[in-house]
file data-v9.pdb (PDB, N, CA and C atoms)
ATOM      1  N   MET I 125       3.061  33.109 -18.308
ATOM      2  CA  MET I 125       3.717  32.509 -19.436
ATOM      3  C   MET I 125       4.053  31.059 -19.087
ATOM      4  N   LEU I 126       3.552  30.115 -19.828
ATOM      5  CA  LEU I 126       3.824  28.696 -19.600
ATOM      6  C   LEU I 126       5.099  28.289 -20.328
ATOM      7  N   GLN I 127       5.944  27.553 -19.643
ATOM      8  CA  GLN I 127       7.191  27.058 -20.215
ATOM      9  C   GLN I 127       7.338  25.593 -19.848
ATOM     10  N   SER I 128       7.905  24.823 -20.766
ATOM     11  CA  SER I 128       8.194  23.430 -20.431
ATOM     12  C   SER I 128       9.505  23.378 -19.644
ATOM     13  N   VAL I 129       9.764  22.248 -19.021
ATOM     14  CA  VAL I 129      10.995  22.094 -18.248
ATOM     15  C   VAL I 129      11.894  21.067 -18.919
ATOM     16  N   PRO I 130      13.194  21.160 -18.824
ATOM     17  CA  PRO I 130      13.887  22.202 -18.078
ATOM     18  C   PRO I 130      13.752  23.559 -18.767
ATOM     19  N   TYR I 131      13.795  24.603 -17.965
ATOM     20  CA  TYR I 131      13.655  25.970 -18.444
ATOM     21  C   TYR I 131      14.781  26.807 -17.859
ATOM     22  N   ALA I 132      15.403  27.604 -18.688
ATOM     23  CA  ALA I 132      16.468  28.495 -18.226
ATOM     24  C   ALA I 132      16.283  29.849 -18.888
ATOM     25  N   ALA I 133      16.512  30.902 -18.135
ATOM     26  CA  ALA I 133      16.396  32.256 -18.675
ATOM     27  C   ALA I 133      17.213  33.207 -17.820
ATOM     28  N   ASP I 134      17.668  34.272 -18.448
ATOM     29  CA  ASP I 134      18.318  35.341 -17.700
ATOM     30  C   ASP I 134      17.246  36.183 -17.024
ATOM     31  N   ILE I 135      17.571  36.735 -15.875
ATOM     32  CA  ILE I 135      16.671  37.666 -15.194
ATOM     33  C   ILE I 135      17.106  39.063 -15.616
ATOM     34  N   PRO I 136      16.257  39.777 -16.350
ATOM     35  CA  PRO I 136      16.642  41.111 -16.822
ATOM     36  C   PRO I 136      17.078  42.007 -15.657
ATOM     37  N   GLY I 137      18.264  42.577 -15.775
ATOM     38  CA  GLY I 137      18.774  43.460 -14.730
ATOM     39  C   GLY I 137      19.353  42.726 -13.536
ATOM     40  N   ASN I 138      19.442  41.405 -13.613
ATOM     41  CA  ASN I 138      19.989  40.551 -12.546
ATOM     42  C   ASN I 138      19.040  40.417 -11.357
ATOM     43  N   PHE I 139      19.417  39.573 -10.420
ATOM     44  CA  PHE I 139      18.607  39.280  -9.226
ATOM     45  C   PHE I 139      19.360  39.835  -8.023
ATOM     46  N   TYR I 140      19.171  41.097  -7.771
ATOM     47  CA  TYR I 140      19.907  41.807  -6.726
ATOM     48  C   TYR I 140      19.018  42.009  -5.501
ATOM     49  N   PRO I 141      19.609  42.373  -4.351
ATOM     50  CA  PRO I 141      18.817  42.566  -3.127
ATOM     51  C   PRO I 141      17.636  43.512  -3.344
ATOM     52  N   GLY I 142      16.498  43.055  -2.845
ATOM     53  CA  GLY I 142      15.257  43.810  -2.993
ATOM     54  C   GLY I 142      14.357  43.282  -4.103
ATOM     55  N   ARG I 143      14.901  42.455  -4.988
ATOM     56  CA  ARG I 143      14.080  41.905  -6.075
ATOM     57  C   ARG I 143      13.419  40.614  -5.640
ATOM     58  N   ARG I 144      12.301  40.315  -6.294
ATOM     59  CA  ARG I 144      11.541  39.093  -6.028
ATOM     60  C   ARG I 144      11.302  38.368  -7.345
ATOM     61  N   LEU I 145      11.194  37.055  -7.243
ATOM     62  CA  LEU I 145      10.872  36.232  -8.405
ATOM     63  C   LEU I 145       9.728  35.311  -8.024
ATOM     64  N   PHE I 146       8.705  35.281  -8.848
ATOM     65  CA  PHE I 146       7.544  34.425  -8.622
ATOM     66  C   PHE I 146       7.686  33.201  -9.512
ATOM     67  N   VAL I 147       7.595  32.015  -8.916
ATOM     68  CA  VAL I 147       7.690  30.752  -9.653
ATOM     69  C   VAL I 147       6.406  29.980  -9.421
ATOM     70  N   SER I 148       5.759  29.587 -10.500
ATOM     71  CA  SER I 148       4.543  28.788 -10.423
ATOM     72  C   SER I 148       4.777  27.534 -11.253
ATOM     73  N   GLY I 149       4.338  26.396 -10.751
ATOM     74  CA  GLY I 149       4.565  25.162 -11.487
ATOM     75  C   GLY I 149       3.513  24.114 -11.194
ATOM     76  N   LEU I 150       3.550  23.057 -11.970
ATOM     77  CA  LEU I 150       2.669  21.906 -11.792
ATOM     78  C   LEU I 150       3.563  20.687 -11.613
ATOM     79  N   VAL I 151       3.401  19.997 -10.499
ATOM     80  CA  VAL I 151       4.222  18.823 -10.204
ATOM     81  C   VAL I 151       3.603  17.609 -10.897
ATOM     82  N   PRO I 152       4.352  16.918 -11.777
ATOM     83  CA  PRO I 152       3.813  15.737 -12.450
ATOM     84  C   PRO I 152       3.474  14.613 -11.468
ATOM     85  N   LYS I 153       2.591  13.736 -11.904
ATOM     86  CA  LYS I 153       2.097  12.628 -11.071
ATOM     87  C   LYS I 153       3.222  11.772 -10.490
ATOM     88  N   GLY I 154       4.197  11.410 -11.296
ATOM     89  CA  GLY I 154       5.258  10.512 -10.842
ATOM     90  C   GLY I 154       6.535  11.206 -10.393
ATOM     91  N   ALA I 155       6.476  12.500 -10.135
ATOM     92  CA  ALA I 155       7.685  13.257  -9.787
ATOM     93  C   ALA I 155       8.346  12.719  -8.522
ATOM     94  N   LYS I 156       9.657  12.570  -8.589
ATOM     95  CA  LYS I 156      10.430  12.191  -7.407
ATOM     96  C   LYS I 156      11.048  13.428  -6.763
ATOM     97  N   GLN I 157      11.344  14.440  -7.604
ATOM     98  CA  GLN I 157      11.942  15.672  -7.111
ATOM     99  C   GLN I 157      11.845  16.748  -8.185
ATOM    100  N   PHE I 158      12.083  17.984  -7.779
ATOM    101  CA  PHE I 158      12.323  19.047  -8.740
ATOM    102  C   PHE I 158      13.315  20.032  -8.141
ATOM    103  N   LEU I 159      13.993  20.774  -9.030
ATOM    104  CA  LEU I 159      15.038  21.715  -8.633
ATOM    105  C   LEU I 159      14.716  23.099  -9.157
ATOM    106  N   ILE I 160      15.090  24.099  -8.380
ATOM    107  CA  ILE I 160      15.115  25.476  -8.848
ATOM    108  C   ILE I 160      16.524  25.974  -8.546
ATOM    109  N   ASP I 161      17.266  26.326  -9.590
ATOM    110  CA  ASP I 161      18.649  26.780  -9.444
ATOM    111  C   ASP I 161      18.771  28.237  -9.855
ATOM    112  N   PHE I 162      19.571  28.986  -9.102
ATOM    113  CA  PHE I 162      19.933  30.353  -9.453
ATOM    114  C   PHE I 162      21.435  30.389  -9.683
ATOM    115  N   HIS I 163      21.826  30.821 -10.880
ATOM    116  CA  HIS I 163      23.239  30.910 -11.223
ATOM    117  C   HIS I 163      23.667  32.369 -11.266
ATOM    118  N   ALA I 164      24.879  32.619 -10.809
ATOM    119  CA  ALA I 164      25.519  33.926 -10.934
ATOM    120  C   ALA I 164      26.831  33.672 -11.659
ATOM    121  N   ASN I 165      26.866  34.029 -12.935
ATOM    122  CA  ASN I 165      27.990  33.688 -13.802
ATOM    123  C   ASN I 165      28.133  32.166 -13.805
ATOM    124  N   ALA I 166      29.301  31.630 -13.454
ATOM    125  CA  ALA I 166      29.483  30.173 -13.467
ATOM    126  C   ALA I 166      29.135  29.530 -12.133
ATOM    127  N   GLU I 167      28.796  30.321 -11.135
ATOM    128  CA  GLU I 167      28.505  29.811  -9.795
ATOM    129  C   GLU I 167      27.029  29.452  -9.643
ATOM    130  N   LEU I 168      26.766  28.468  -8.817
ATOM    131  CA  LEU I 168      25.392  28.129  -8.449
ATOM    132  C   LEU I 168      25.105  28.874  -7.151
ATOM    133  N   ALA I 169      24.429  30.000  -7.251
ATOM    134  CA  ALA I 169      24.206  30.861  -6.089
ATOM    135  C   ALA I 169      23.243  30.227  -5.098
ATOM    136  N   CYS I 170      22.258  29.504  -5.597
ATOM    137  CA  CYS I 170      21.260  28.908  -4.705
ATOM    138  C   CYS I 170      20.557  27.763  -5.425
ATOM    139  N   ARG I 171      20.335  26.675  -4.705
ATOM    140  CA  ARG I 171      19.550  25.553  -5.228
ATOM    141  C   ARG I 171      18.487  25.205  -4.199
ATOM    142  N   VAL I 172      17.257  25.106  -4.664
ATOM    143  CA  VAL I 172      16.140  24.635  -3.845
ATOM    144  C   VAL I 172      15.675  23.337  -4.489
ATOM    145  N   LYS I 173      15.671  22.252  -3.723
ATOM    146  CA  LYS I 173      15.334  20.926  -4.254
ATOM    147  C   LYS I 173      14.231  20.316  -3.400
ATOM    148  N   ALA I 174      13.092  20.041  -4.003
ATOM    149  CA  ALA I 174      11.978  19.380  -3.316
ATOM    150  C   ALA I 174      12.062  17.887  -3.612
ATOM    151  N   VAL I 175      12.096  17.061  -2.559
ATOM    152  CA  VAL I 175      12.240  15.607  -2.692
ATOM    153  C   VAL I 175      10.967  14.956  -2.163
ATOM    154  N   PHE I 176      10.211  14.320  -3.048
ATOM    155  CA  PHE I 176       8.894  13.794  -2.678
ATOM    156  C   PHE I 176       8.918  12.539  -1.809
ATOM    157  N   PRO I 177       9.790  11.544  -2.069
ATOM    158  CA  PRO I 177       9.739  10.349  -1.212
ATOM    159  C   PRO I 177       9.973  10.652   0.272
ATOM    160  N   THR I 178      10.848  11.625   0.568
ATOM    161  CA  THR I 178      11.150  11.952   1.965
ATOM    162  C   THR I 178      10.403  13.189   2.458
ATOM    163  N   LYS I 179       9.685  13.860   1.547
ATOM    164  CA  LYS I 179       8.963  15.100   1.873
ATOM    165  C   LYS I 179       9.881  16.111   2.558
ATOM    166  N   LYS I 180      11.028  16.349   1.921
ATOM    167  CA  LYS I 180      11.994  17.319   2.431
ATOM    168  C   LYS I 180      12.333  18.329   1.342
ATOM    169  N   VAL I 181      12.699  19.513   1.770
ATOM    170  CA  VAL I 181      13.224  20.532   0.868
ATOM    171  C   VAL I 181      14.677  20.759   1.270
ATOM    172  N   LEU I 182      15.568  20.651   0.292
ATOM    173  CA  LEU I 182      17.000  20.810   0.523
ATOM    174  C   LEU I 182      17.460  22.108  -0.135
ATOM    175  N   ARG I 183      18.383  22.794   0.533
ATOM    176  CA  ARG I 183      18.942  24.017  -0.026
ATOM    177  C   ARG I 183      20.458  23.952   0.077
ATOM    178  N   THR I 184      21.124  24.472  -0.956
ATOM    179  CA  THR I 184      22.582  24.544  -0.936
ATOM    180  C   THR I 184      23.034  25.567  -1.963
ATOM    181  N   SER I 185      24.350  25.769  -2.032
ATOM    182  CA  SER I 185      24.944  26.652  -3.031
ATOM    183  C   SER I 185      26.319  26.098  -3.396
ATOM    184  N   ARG I 186      26.858  26.592  -4.496
ATOM    185  CA  ARG I 186      28.195  26.169  -4.930
ATOM    186  C   ARG I 186      28.977  27.430  -5.277
ATOM    187  N   LEU I 187      29.985  27.720  -4.469
ATOM    188  CA  LEU I 187      30.819  28.896  -4.682
ATOM    189  C   LEU I 187      32.277  28.476  -4.728
ATOM    190  N   ASN I 188      33.028  29.065  -5.652
ATOM    191  CA  ASN I 188      34.453  28.737  -5.817
ATOM    192  C   ASN I 188      34.667  27.230  -5.973
ATOM    193  N   ASP I 189      33.814  26.590  -6.764
ATOM    194  CA  ASP I 189      33.891  25.147  -7.038
ATOM    195  C   ASP I 189      33.736  24.279  -5.802
ATOM    196  N   ARG I 190      33.100  24.799  -4.749
ATOM    197  CA  ARG I 190      32.873  24.014  -3.532
ATOM    198  C   ARG I 190      31.406  24.107  -3.151
ATOM    199  N   TRP I 191      30.823  22.939  -2.846
ATOM    200  CA  TRP I 191      29.441  22.911  -2.385
ATOM    201  C   TRP I 191      29.383  23.418  -0.953
ATOM    202  N   GLY I 192      28.403  24.252  -0.678
ATOM    203  CA  GLY I 192      28.164  24.703   0.688
ATOM    204  C   GLY I 192      27.408  23.632   1.449
ATOM    205  N   PRO I 193      27.164  23.856   2.729
ATOM    206  CA  PRO I 193      26.421  22.869   3.518
ATOM    207  C   PRO I 193      24.992  22.729   2.997
ATOM    208  N   GLU I 194      24.489  21.514   3.042
ATOM    209  CA  GLU I 194      23.109  21.265   2.623
ATOM    210  C   GLU I 194      22.198  21.467   3.830
ATOM    211  N   GLU I 195      21.211  22.326   3.651
ATOM    212  CA  GLU I 195      20.242  22.581   4.717
ATOM    213  C   GLU I 195      18.953  21.870   4.350
ATOM    214  N   ARG I 196      18.310  21.265   5.344
ATOM    215  CA  ARG I 196      17.098  20.473   5.107
ATOM    216  C   ARG I 196      15.927  21.033   5.897
ATOM    217  N   ILE I 197      14.803  21.080   5.230
ATOM    218  CA  ILE I 197      13.536  21.437   5.867
ATOM    219  C   ILE I 197      12.627  20.243   5.643
ATOM    220  N   GLY I 198      11.926  19.804   6.671
ATOM    221  CA  GLY I 198      11.065  18.660   6.439
ATOM    222  C   GLY I 198      10.274  18.215   7.629
ATOM    223  N   ALA I 199      10.806  17.266   8.356
ATOM    224  CA  ALA I 199      10.053  16.521   9.364
ATOM    225  C   ALA I 199       9.203  17.383  10.284
ATOM    226  N   ASP I 200       9.738  18.500  10.759
ATOM    227  CA  ASP I 200       8.978  19.308  11.707
ATOM    228  C   ASP I 200       8.166  20.414  11.037
ATOM    229  N   GLN I 201       8.239  20.528   9.713
ATOM    230  CA  GLN I 201       7.479  21.540   8.986
ATOM    231  C   GLN I 201       6.677  20.872   7.879
ATOM    232  N   ALA I 202       5.600  21.500   7.500
ATOM    233  CA  ALA I 202       4.754  20.957   6.435
ATOM    234  C   ALA I 202       5.490  21.011   5.099
ATOM    235  N   PHE I 203       5.415  19.940   4.341
ATOM    236  CA  PHE I 203       5.979  19.885   2.991
ATOM    237  C   PHE I 203       4.992  20.608   2.078
ATOM    238  N   PRO I 204       5.397  21.693   1.423
ATOM    239  CA  PRO I 204       4.429  22.543   0.718
ATOM    240  C   PRO I 204       4.058  22.104  -0.696
ATOM    241  N   PHE I 205       4.481  20.925  -1.136
ATOM    242  CA  PHE I 205       4.240  20.500  -2.512
ATOM    243  C   PHE I 205       3.477  19.183  -2.546
ATOM    244  N   LYS I 206       2.640  19.017  -3.582
ATOM    245  CA  LYS I 206       1.905  17.770  -3.788
ATOM    246  C   LYS I 206       1.944  17.418  -5.266
ATOM    247  N   ARG I 207       2.079  16.124  -5.531
ATOM    248  CA  ARG I 207       2.035  15.671  -6.923
ATOM    249  C   ARG I 207       0.667  15.983  -7.525
ATOM    250  N   LYS I 208       0.673  16.248  -8.816
ATOM    251  CA  LYS I 208      -0.534  16.554  -9.606
ATOM    252  C   LYS I 208      -1.207  17.855  -9.161
ATOM    253  N   GLN I 209      -0.476  18.714  -8.460
ATOM    254  CA  GLN I 209      -1.037  20.004  -8.051
ATOM    255  C   GLN I 209      -0.061  21.121  -8.398
ATOM    256  N   THR I 210      -0.619  22.301  -8.573
ATOM    257  CA  THR I 210       0.221  23.459  -8.840
ATOM    258  C   THR I 210       0.822  23.974  -7.533
ATOM    259  N   PHE I 211       1.895  24.717  -7.664
ATOM    260  CA  PHE I 211       2.510  25.375  -6.506
ATOM    261  C   PHE I 211       2.936  26.777  -6.923
ATOM    262  N   ASP I 212       3.027  27.642  -5.962
ATOM    263  CA  ASP I 212       3.509  29.000  -6.164
ATOM    264  C   ASP I 212       4.588  29.278  -5.131
ATOM    265  N   LEU I 213       5.708  29.796  -5.587
ATOM    266  CA  LEU I 213       6.792  30.203  -4.698
ATOM    267  C   LEU I 213       7.156  31.647  -4.999
ATOM    268  N   LEU I 214       7.487  32.373  -3.971
ATOM    269  CA  LEU I 214       8.029  33.715  -4.105
ATOM    270  C   LEU I 214       9.435  33.661  -3.520
ATOM    271  N   ILE I 215      10.423  34.004  -4.326
ATOM    272  CA  ILE I 215      11.808  33.977  -3.878
ATOM    273  C   ILE I 215      12.288  35.420  -3.822
ATOM    274  N   TYR I 216      12.715  35.817  -2.630
ATOM    275  CA  TYR I 216      13.103  37.197  -2.365
ATOM    276  C   TYR I 216      14.607  37.247  -2.122
ATOM    277  N   CYS I 217      15.288  38.161  -2.792
ATOM    278  CA  CYS I 217      16.731  38.307  -2.639
ATOM    279  C   CYS I 217      17.023  39.368  -1.583
ATOM    280  N   ASN I 218      17.598  38.940  -0.464
ATOM    281  CA  ASN I 218      18.070  39.848   0.577
ATOM    282  C   ASN I 218      19.544  40.136   0.341
ATOM    283  N   GLU I 219      20.117  40.964   1.189
ATOM    284  CA  GLU I 219      21.532  41.328   1.061
ATOM    285  C   GLU I 219      22.453  40.112   1.142
ATOM    286  N   ASN I 220      22.154  39.154   2.029
ATOM    287  CA  ASN I 220      23.058  38.013   2.206
ATOM    288  C   ASN I 220      22.353  36.660   2.207
ATOM    289  N   LYS I 221      21.114  36.604   1.717
ATOM    290  CA  LYS I 221      20.407  35.321   1.656
ATOM    291  C   LYS I 221      19.214  35.431   0.714
ATOM    292  N   PHE I 222      18.713  34.280   0.314
ATOM    293  CA  PHE I 222      17.464  34.204  -0.432
ATOM    294  C   PHE I 222      16.384  33.725   0.531
ATOM    295  N   GLU I 223      15.216  34.348   0.498
ATOM    296  CA  GLU I 223      14.075  33.877   1.279
ATOM    297  C   GLU I 223      13.105  33.207   0.324
ATOM    298  N   VAL I 224      12.585  32.056   0.725
ATOM    299  CA  VAL I 224      11.638  31.316  -0.103
ATOM    300  C   VAL I 224      10.303  31.282   0.631
ATOM    301  N   TRP I 225       9.264  31.742  -0.043
ATOM    302  CA  TRP I 225       7.913  31.783   0.517
ATOM    303  C   TRP I 225       7.031  30.848  -0.298
ATOM    304  N   SER I 226       6.199  30.086   0.384
ATOM    305  CA  SER I 226       5.245  29.190  -0.257
ATOM    306  C   SER I 226       3.848  29.569   0.206
ATOM    307  N   LEU I 227       2.940  29.779  -0.737
ATOM    308  CA  LEU I 227       1.571  30.191  -0.410
ATOM    309  C   LEU I 227       1.571  31.433   0.473
ATOM    310  N   LEU I 228       2.534  32.322   0.206
ATOM    311  CA  LEU I 228       2.702  33.578   0.930
ATOM    312  C   LEU I 228       3.019  33.389   2.402
ATOM    313  N   LEU I 229       3.484  32.185   2.779
ATOM    314  CA  LEU I 229       3.982  31.927   4.127
ATOM    315  C   LEU I 229       5.488  31.762   4.032
ATOM    316  N   TYR I 230       6.217  32.375   4.946
ATOM    317  CA  TYR I 230       7.671  32.250   4.950
ATOM    318  C   TYR I 230       8.026  30.786   5.149
ATOM    319  N   PHE I 231       8.854  30.245   4.263
ATOM    320  CA  PHE I 231       9.151  28.818   4.285
ATOM    321  C   PHE I 231      10.589  28.530   4.701
ATOM    322  N   CYS I 232      11.570  29.178   4.068
ATOM    323  CA  CYS I 232      12.961  28.910   4.410
ATOM    324  C   CYS I 232      13.852  30.012   3.859
ATOM    325  N   ASN I 233      15.129  30.014   4.319
ATOM    326  CA  ASN I 233      16.137  30.918   3.733
ATOM    327  C   ASN I 233      17.484  30.232   3.745
TER     328      ASN I 233
END
call {"tool": "encode", "arguments": {"input": "data-v9.pdb", "output": "structure tokens"}}
result
Amino acid sequence: MLQSVPYAADIPGNFYPGRRLFVSGLVPKGAKQFLIDFHANAELACRVKAVFPTKKVLRTSRLNDRWGPEERIGADQAFPFKRKQTFDLLIYCNENKFEVWSLLLYFCN
């Protein structure tokens, strides 16, 4: 199903441990970044942000109106996204973390 961005939808039955979500997208030519956010009620449970100028992926969360630490993936790992190309991500919900897979390779949590 193709959707324009920004796109927001509820996940039927919620996103609980053991569930997976497949995200496929096309990065525009001039993209500087893109975000994938997971909300739980009013909280931002998880944010994955791909930043093209620095070729880094940033992850964080916001709980109880406080931002958690920002974790960065980049310099020592391959940046899995390219402008003007499609990407596929599999996001897996574990008991206490989200795992993000790119091209079926474990990427970050």
call {"tool": "residues_around", "arguments": {"input": "data-v9.pdb", "residues": "segment 189-191 of chain I", "least_positions_apart": "3", "cutoff": "9 Å", "atoms": "only C-alpha atoms", "output": "PyMOL selection string"}}
result
chain I and resi 167-168+184-186+194
call {"tool": "resolve_selection", "arguments": {"input": "data-v9.pdb", "expression": "the PyMOL selection byres ((chain I and resi 212) around 6)", "output": "PyMOL selection string"}}
result
chain I and resi 147-149+210-211+213-214+225-227
call {"tool": "atom_distance", "arguments": {"input": "data-v9.pdb", "atom1": "atom C of Pro193 of chain I", "atom2": "atom N of Lys221 of chain I"}}
result
14.5 Å
call {"tool": "resolve_selection", "arguments": {"input": "data-v9.pdb", "expression": "the PyMOL selection byres ((chain I and resi 160) around 5)", "output": "ChimeraX atom specification"}}
result
/I:158-159,161-162,171-172
call {"tool": "atom_distance", "arguments": {"input": "data-v9.pdb", "atom1": "atom N of Lys153 of chain I", "atom2": "atom N of Ala132 of chain I"}}
result
20.1 Å
call {"tool": "atom_distance", "arguments": {"input": "data-v9.pdb", "atom1": "atom CA of Ala155 of chain I", "atom2": "atom CA of Ile215 of chain I"}}
result
21.9 Å
call {"tool": "closest_residue", "arguments": {"input": "data-v9.pdb", "among": "I:Ser128, I:Asn165, I:Asn188, I:Asn218", "to": "Leu150 of chain I", "atoms": "only C-alpha atoms"}}
result
I:Ser128
